[in-house]
Amino acid sequence: MTGPVTGLGTLLRSFVRRDRWMVLWFTLGVTVLYWSQAVSVDGLYTTQAEFDRAAASMEGNAAFIAMTGPARALNTTGGQVTWQSTAFGAILVALMTMFLVGRHTRAEEESGRDELIRSGVVGRQAPMTAALVLSAGATALVGAGVTGSLVAYGLPTAGAVSLGLGLWLCGLAFAGIALLAAQLTSSTRAMYGITGATIGIAYGLRAIGDVGSGALSWLSPIGWYQSMHAYSGERWWPALLLVVAAATASGAAYAVFTRRDVGSGIWPARPGPDRAPVGLRSTFGLAWRLQRGSLIGWAVGLFVGGIAYGSIGDDVKSLLGDSDFANDIFGAGGPDLVDSFYGTAALMLALIATGFTISSALRPRGEENDGRVESVLATALPRSRWLESHLVITLAGTVGVVVLSGLGLGFGFALATGDTSKIGPYTWATTSLLPAVLLLAGLALLLYGALPRAASLAWLGLLFCVTVMMFGEVLQFPDWVKDVSPFEHLALVPAFSVDWASAALVLAIAAALGAAGQLAFLRRDVH
Amino acid sequence: MGNVIDIRGLHKSFGTTHALDGLDLEVAAGEVHGFLGPNGAGKSTTLRVLLGLLRADSGDVRLFDADPWRDAAALHRRLAYVPGDVTLWPNLSGGEVIDLLGRLRGGLDEKRRADLIERFELDPTKKGRSYSKGNRQKVALVAALSSDVELLLLDEPTSGLDPLMEAVFTACIDEFKNAGGTVLLSSHILAEVERLCDRVSIIRNGRNVESGTLADLRHLTRTSIRAELARTPSGLDSLHGVHDLVAEDHRVTFEVDTDRLDEAMHALGEFGIRSLTSQPPTLEELFLRHYGDEVAAQ
């Protein structure tokens with residue numbers, strides 16, 4: 001017997017096999033996001049009075065509320081976990097289902113693999129149903145991870161169930177939206193664009209709603225999730241809104257699917273220009289065209305991230321409490337707690353910005369792996385110029401995102417406190433870390449030039465620096481281990497002033513690594 | 001005029017794999033040279049060495065009488081390359097790619113660009129991700145053919161093209177040759193090579209096993225004969241150069257070494273020829289002779 005979902009089981013098994021690691025990592029990541037909030041809140045405040053004081057200052061901070069969610073029961077661990085984690089948890093789960101659905105529906109159709117599958121004994125609705133079932137299972141796993149870890153940590157069960165259940169249903173709603181988006185366009189990229197924009201709008205609506213009257217929050221699935229009031233008098237009926245949203249979006253997706261041809265979307269693919277614009281007629285133009293989307297994304301993200309940090313304002317003292325833990329992380333002997341805090345924030349932003357730097361420095365490797373370099377290097381373009389054009393984007397882009405993150409930090413601070421005098425110093429704080437960021441770019445370039453297959457090891461360099469920064473003090477790493485991280489050699493501006501000699505040395509090493517990488521690239525085979 | 005491409009004793013290894021094992025290749029100016037071999041014989045590796053993408057381990061490689069590794073960029077002004085597996089940037093349109101590659105090569109001929117797009121029936125406004133394999137191939141072909149160059153390096157350029165587009169391609173190569181251009185055409189489509197090439201080199205396991213004009217090579221091959229005779233023939237099997245004789249009443253089929261064709265015809269004539277079909281030796285046969293043992297092994 002064959003029906004609309006014949007082959008569902010087989011498809012589902014192959015999907016699970018292809019996605020098991022991604023689902024596992026997302027599950028772990030989101031679970032740790034919730035669980036670590038509980039751990040860090042309990043570690044940060046030693047007395048309830050301290051906790052109350054911090055909660056009062058958070059409740060009054062509109063920027064904080066816009067970032068996270070409605071302020072409820074902030075002087076309890078459960079309330080803090082809910083406040084700090086739900087918005088980001090929902091976004092992560094939404095992204096996971098977007099990728100899961102996209103990978104198995106639109107991307108398969110676009111690549112033509114879908115035809116191969118459909119030529120077998122497979123029901124018409126089987127692939128999309130399998131993608132939906134997979135998303136439901138994966139988000140259920142995430143929800144269970146959250147509930148389980150919070151119960152295991154010792155928080156009340158009702159709140160933990162509310163957080164996990166709401167997260168699961170939120171994921172289902174976004175899976176339905178992603179499935180609908182996959183029916184609309186013929187390109188996977190556009191499908192991710194539509195879904196991503198929907199997630200962004202959902203986040204934005206609840207941000208405005210939470211700061212204002214709350215009305216707009218009721219237009220957002222993330223808002224519904226947060227209105228379940230975990231750990232502050234749970235209510236369960238908003239979960240129904242999520243169920244209805246999931247059912248409506250999925251139902252619409254099935255309805256559209258039966259009305260369209262396999263391989264096409266409802267909206268026709270947009271054609272491109274038939275001639276190259278003047279900007280694209282050089283290798284630099286090509287490198288810019290290939291990297292600009294990612295650069296703009298990182299720049300906006302880091303600027304907003306900077307604003308988020310900066311909007312904490314000068315309440316740092318009451319937020320952090322007096323615990324040893326807080327003193328370990330921030331202000332270890334620094335002259336001023338606020339400056340130390342922002343010095344550390346600048347370091348964190350610089351480390352995030354290094355993510356752009358490495359991905360940009362490895363972009364040439366992506367071009368080589370995908371076999372697109374051949375055509376370009378078979379023209380009159382010297383290899384060195386090709387690599388340099390990407391390098392220029394990496395360098396200029398790195399400077400741009402690092403400076404912007406500091407500018408965001410200063411702006412955020414000014415928004416929260418009305419004090420604009422910190423814009424300069426905080427911009428300088430991230431900027432002064434550039435030598436270390438560039439050293440990792442040099443490392444990536446050296447790996448790409450000398451050992452192209454191992455080039456992604458550059459990410460390990462960043463992981464190492466992050467580990468040293470986060471856990472170096474707490475876990476008492478020996479000095480020589482910490483000294484391997486270039487960031488350890490730079491002073492934390494604005495708490496301290498720039499150590500020019502160290503900065504120059506780090507920069508020189510960065511340049512030497514980069515030059516060696518370029519030299520190695522010029523001498524090796526290109527595939 | 002000398003050779004455009006001159007390779008002697010070229011070796012290239014990747015780890016423990018010997019991709020090229022003492023390859024020789026000569027391509028004279030103005031000729032269309034077929035470069036034949038099955039997958040993995042080393043054709044693409046040779047082309048990449050010629051492009052300066054790979055560095056020769058040993059051997060002498062000259063392109064336009066210069067070193068293709070050291071002088072890569074300068075030499076590339078004089079040539080255009082079409083890779084065997086064309087990958088495009090997913091978010092760039094075909095027209096943008098043609099312009100970009102043309103510009104990087106030092107400019108393209110606008111009139112020819114427009115003409116080629118029309119002849120290949122290419123839609124230049126589609127994005128790279130939405131082209132089919134054949135259309136990606138067309139983008140690379142238009143980009144290569146609309147540049148003003150002396151040499152074309154083509155790596156299985158018609159894979160993915162339909163027969164009509166193959167005919168357009170053949171016409172374009174003829175025009176390029178008539179204008180004095182040189183072509184190195186790697187292929188395993190023998191009909192295409194027979195139709196286009198003046199000379200061929202056949203390579204196997206990274207070294208060449210046969211090289212020459214098609215006429216030269218045909219002398220080494222056999223012609224198939226099928227004849228209907230007035231009388232039952234006899235004694236044909238004792239003739240020199242006749243192979244695989246099958247005689248059935250008045251009908252015979254056999255193969256004969258092409259340089260023994262005359263004697264065989266005389267012998268047949270004695271039995272009164274009623275009808276005769278002869279099939280000229282094809283490159284395919286030549287190819288099978290060099291690779292036949294591999295085919296048989298499969």
# chains A, B, ... in the order shown; residues from 1 in each chain; ligands from 1
call {"tool": "residues_around", "arguments": {"residues": "segment 463-470 of chain A", "least_positions_apart": "5", "cutoff": "9 Å", "atoms": "only C-alpha atoms", "output": "PyMOL selection string"}}
result
chain A and resi 329+347-348+351+458+477+481-482+484-488
call {"tool": "residues_around", "arguments": {"residues": "Gln37 of chain A", "least_positions_apart": "5", "cutoff": "10 Å", "atoms": "only C-alpha atoms", "output": "list in words"}}
result
Val32, Asp42, Gly43, Thr77, Gly78, Gln80, Val81, Thr82, Trp83, Gln84 and Ser85 of chain A
call {"tool": "interface_residues", "arguments": {"of": "chain B", "to": "chain A", "cutoff": "10 Å", "atoms": "only C-alpha atoms", "output": "JSON, numbers by chain"}}
result
{"B": [14, 45, 48, 49, 50, 51, 52, 53, 54, 55, 56, 69, 71, 72, 73, 74, 75, 76, 77, 78, 79, 80, 81, 82, 83, 85, 86, 87, 88, 89, 90, 91, 92, 93, 94, 95, 96, 97, 98, 99, 100, 101, 102, 103, 104, 105, 106, 107, 123, 124, 125, 126, 127, 128, 129, 130, 132, 140, 144, 153]}
call {"tool": "residues_around", "arguments": {"residues": "Asp109 of chain B", "least_positions_apart": "5", "cutoff": "8 Å", "atoms": "only C-alpha atoms", "output": "PyMOL selection string"}}
result
chain B and resi 146-148
call {"tool": "residues_around", "arguments": {"residues": "Gly181 of chain B", "least_positions_apart": "6", "cutoff": "12 Å", "atoms": "only C-alpha atoms", "output": "list of chain:residue names"}}
result
B:Val4, B:Val27, B:Ala28, B:Ala29, B:Gly30, B:Glu31, B:Val32, B:His33, B:Arg78, B:Leu79, B:Ala80, B:Leu145, B:Ser147, B:Asp148, B:Val149, B:Glu150, B:Leu151, B:Leu152, B:Leu153, B:Cys172, B:Ile173, B:Asp174, B:Glu175
call {"tool": "closest_atom_pairs", "arguments": {"of": "segment 88-144 of chain A", "to": "segment 249-254 of chain A", "cutoff": "9 Å", "atoms": "only C-alpha atoms", "output": "JSON lines"}}
result
{"residue": "A:Gln125", "atom": "CA", "partner": "A:Tyr254", "partner_atom": "CA", "distance": 7.9}
{"residue": "A:Met128", "atom": "CA", "partner": "A:Tyr254", "partner_atom": "CA", "distance": 8.4}
{"residue": "A:Leu132", "atom": "CA", "partner": "A:Ser250", "partner_atom": "CA", "distance": 8.5}
call {"tool": "write_last_selection", "arguments": {"atoms": "N, CA and C atoms", "output": "CSV table (one decimal), in the first residue's frame"}}
result
chain,number,residue,atom,x,y,z
A,125,GLN,N,3.9,13.6,0.4
A,125,GLN,CA,4.1,14.5,1.5
A,125,GLN,C,5.2,13.9,2.5
A,128,MET,N,8.5,16.2,3.6
A,128,MET,CA,8.2,17.3,4.4
A,128,MET,C,7.7,16.9,5.8
A,132,LEU,N,9.3,17.6,9.5
A,132,LEU,CA,8.5,18.1,10.6
A,132,LEU,C,8.6,17.2,11.8
call {"tool": "select_by_dssp", "arguments": {"residues": "segment 360-436 of chain A", "states": "helix (DSSP H, G or I)", "output": "ChimeraX atom specification"}}
result
/A:360-361,363-369,373-377,383-417,420-431,434-436
call {"tool": "residues_around", "arguments": {"residues": "Gly306 of chain A", "least_positions_apart": "4", "cutoff": "9 Å", "atoms": "only C-alpha atoms", "output": "MDAnalysis selection string"}}
result
chainID A and resid 301:302 310:311 345:346 349 404:412
call {"tool": "write_last_selection", "arguments": {"atoms": "C-alpha atoms", "output": "tab-separated table (two decimals), in the first residue's frame"}}
result
chain	number	residue	atom	x	y	z
A	301	GLY	CA	25.75	41.70	15.58
A	302	LEU	CA	28.82	43.03	17.36
A	310	GLY	CA	27.00	48.83	27.54
A	311	SER	CA	23.37	49.14	28.55
A	345	ALA	CA	33.39	43.19	28.23
A	346	ALA	CA	35.69	44.62	25.55
A	349	LEU	CA	33.56	41.36	22.32
A	404	LEU	CA	32.10	48.98	16.04
A	405	SER	CA	31.74	46.64	18.99
A	406	GLY	CA	33.52	49.19	21.20
A	407	LEU	CA	31.43	51.99	19.79
A	408	GLY	CA	28.33	49.95	20.64
A	409	LEU	CA	29.63	49.47	24.13
A	410	GLY	CA	30.03	53.22	24.56
A	411	PHE	CA	26.64	53.98	22.99
A	412	GLY	CA	24.91	51.43	25.16
call {"tool": "closest_residue", "arguments": {"among": "B:Ser278, B:Glu118, B:Asp65, B:Gly34", "to": "Thr213 of chain B", "atoms": "only C-alpha atoms"}}
result
B:Gly34
call {"tool": "residues_around", "arguments": {"residues": "Ala202 of chain A", "least_positions_apart": "4", "cutoff": "12 Å", "atoms": "only C-alpha atoms", "output": "short mmCIF file (atom, residue, chain, number, x, y, z; two decimals) with N, CA and C atoms, in the first residue's frame"}}
result
data_model
loop_
_atom_site.label_atom_id
_atom_site.label_comp_id
_atom_site.auth_asym_id
_atom_site.auth_seq_id
_atom_site.Cartn_x
_atom_site.Cartn_y
_atom_site.Cartn_z
N ALA A 87 14.38 34.07 25.95
CA ALA A 87 14.42 34.71 24.63
C ALA A 87 15.50 34.06 23.77
N PHE A 88 16.70 33.88 24.35
CA PHE A 88 17.79 33.31 23.55
C PHE A 88 17.57 31.83 23.29
N ALA A 90 14.70 30.40 22.92
CA ALA A 90 13.70 30.31 21.85
C ALA A 90 14.33 30.59 20.50
N ILE A 91 15.23 31.59 20.45
CA ILE A 91 15.89 31.90 19.18
C ILE A 91 16.74 30.72 18.71
N ALA A 94 14.54 28.01 17.46
CA ALA A 94 13.96 28.41 16.18
C ALA A 94 14.98 28.24 15.06
N CYS A 170 7.49 26.24 21.16
CA CYS A 170 8.03 27.38 20.43
C CYS A 170 8.80 26.86 19.21
N ALA A 173 6.37 25.76 16.58
CA ALA A 173 5.77 26.88 15.85
C ALA A 173 6.73 27.38 14.78
N PHE A 174 8.02 27.50 15.14
CA PHE A 174 8.98 28.00 14.15
C PHE A 174 9.28 26.96 13.08
N ILE A 177 6.66 27.57 10.62
CA ILE A 177 6.95 28.79 9.84
C ILE A 177 8.04 28.50 8.80
N THR A 195 12.70 33.00 7.11
CA THR A 195 12.51 32.45 8.46
C THR A 195 13.29 33.27 9.48
N GLY A 196 14.53 33.60 9.13
CA GLY A 196 15.36 34.38 10.05
C GLY A 196 14.73 35.73 10.35
N ALA A 197 14.17 36.36 9.32
CA ALA A 197 13.52 37.66 9.53
C ALA A 197 12.32 37.48 10.45
N THR A 198 11.57 36.39 10.27
CA THR A 198 10.41 36.14 11.13
C THR A 198 10.85 35.99 12.59
N ARG A 206 8.39 41.35 20.87
CA ARG A 206 8.29 41.15 22.31
C ARG A 206 9.19 42.13 23.06
N ALA A 207 10.29 42.57 22.42
CA ALA A 207 11.17 43.55 23.08
C ALA A 207 10.42 44.86 23.28
N ILE A 208 9.76 45.32 22.21
CA ILE A 208 9.02 46.57 22.31
C ILE A 208 7.86 46.41 23.28
N GLY A 209 7.15 45.27 23.16
CA GLY A 209 6.02 45.01 24.04
C GLY A 209 6.43 44.96 25.49
N LEU A 216 2.27 44.29 22.24
CA LEU A 216 2.96 43.72 21.08
C LEU A 216 3.54 42.35 21.37
N SER A 217 3.84 42.09 22.64
CA SER A 217 4.41 40.79 23.00
C SER A 217 3.44 39.67 22.66
N TRP A 218 2.14 40.00 22.63
CA TRP A 218 1.13 38.97 22.32
C TRP A 218 1.08 38.64 20.84
N LEU A 219 1.88 39.32 20.02
CA LEU A 219 1.95 38.99 18.59
C LEU A 219 3.14 38.07 18.30
N SER A 220 3.88 37.69 19.34
CA SER A 220 5.14 36.98 19.10
C SER A 220 5.14 35.62 19.80
N PRO A 221 5.51 34.57 19.08
CA PRO A 221 5.61 33.25 19.72
C PRO A 221 6.57 33.26 20.91
N ILE A 222 7.63 34.07 20.81
CA ILE A 222 8.56 34.15 21.93
C ILE A 222 7.85 34.80 23.12
N GLY A 223 7.02 35.81 22.82
CA GLY A 223 6.23 36.46 23.86
C GLY A 223 5.27 35.48 24.54
N TRP A 224 4.66 34.58 23.72
CA TRP A 224 3.74 33.60 24.31
C TRP A 224 4.49 32.67 25.26
N TYR A 225 5.65 32.27 24.80
CA TYR A 225 6.47 31.39 25.64
C TYR A 225 6.76 32.07 26.97
#
call {"tool": "atom_distance", "arguments": {"atom1": "atom CA of Thr170 of chain B", "atom2": "atom CA of Arg119 of chain B"}}
result
12.0 Å
call {"tool": "select_by_dssp", "arguments": {"residues": "segment 25-84 of chain B", "states": "strand (DSSP E or B)", "output": "PyMOL selection string"}}
result
chain B and resi 25-28+32-36+58-63+66+79-82
call {"tool": "residues_around", "arguments": {"residues": "Val252 of chain B", "least_positions_apart": "4", "cutoff": "12 Å", "atoms": "only C-alpha atoms", "output": "number ranges by chain"}}
result
B: 224-234, 236-237, 242-248, 268, 271, 273-278
call {"tool": "write_last_selection", "arguments": {"atoms": "C-alpha atoms", "output": "PDB file, in the first residue's frame"}}
result
ATOM      1  CA  SER B 224      36.030  -4.193 -40.384  1.00  0.00           C
ATOM      2  CA  ILE B 225      34.765  -5.817 -43.546  1.00  0.00           C
ATOM      3  CA  ARG B 226      31.375  -7.390 -44.144  1.00  0.00           C
ATOM      4  CA  ALA B 227      30.837  -8.894 -47.578  1.00  0.00           C
ATOM      5  CA  GLU B 228      28.313 -11.012 -49.418  1.00  0.00           C
ATOM      6  CA  LEU B 229      29.939 -13.134 -52.135  1.00  0.00           C
ATOM      7  CA  ALA B 230      28.803 -15.071 -55.172  1.00  0.00           C
ATOM      8  CA  ARG B 231      30.597 -18.231 -54.082  1.00  0.00           C
ATOM      9  CA  THR B 232      31.569 -19.744 -50.775  1.00  0.00           C
ATOM     10  CA  PRO B 233      35.021 -18.376 -50.043  1.00  0.00           C
ATOM     11  CA  SER B 234      38.008 -20.388 -48.933  1.00  0.00           C
ATOM     12  CA  LEU B 236      40.762 -16.267 -46.410  1.00  0.00           C
ATOM     13  CA  ASP B 237      41.907 -17.277 -42.971  1.00  0.00           C
ATOM     14  CA  VAL B 242      43.053 -11.009 -41.373  1.00  0.00           C
ATOM     15  CA  HIS B 243      41.512 -11.572 -37.964  1.00  0.00           C
ATOM     16  CA  ASP B 244      38.283 -12.776 -36.410  1.00  0.00           C
ATOM     17  CA  LEU B 245      37.012 -14.319 -39.630  1.00  0.00           C
ATOM     18  CA  VAL B 246      33.417 -15.554 -39.553  1.00  0.00           C
ATOM     19  CA  ALA B 247      32.224 -17.264 -42.743  1.00  0.00           C
ATOM     20  CA  GLU B 248      28.620 -18.368 -43.155  1.00  0.00           C
ATOM     21  CA  LEU B 268      37.680 -11.395 -51.889  1.00  0.00           C
ATOM     22  CA  PHE B 271      34.798 -15.066 -55.111  1.00  0.00           C
ATOM     23  CA  ILE B 273      31.616  -9.529 -54.460  1.00  0.00           C
ATOM     24  CA  ARG B 274      27.823  -8.958 -54.316  1.00  0.00           C
ATOM     25  CA  SER B 275      27.827  -6.368 -51.525  1.00  0.00           C
ATOM     26  CA  LEU B 276      30.479  -4.887 -49.321  1.00  0.00           C
ATOM     27  CA  THR B 277      30.475  -2.691 -46.258  1.00  0.00           C
ATOM     28  CA  SER B 278      33.710  -1.576 -44.736  1.00  0.00           C
TER      29      SER B 278
END
call {"tool": "atom_distance", "arguments": {"atom1": "atom CA of Met22 of chain A", "atom2": "atom CA of Trp168 of chain A"}}
result
16.7 Å
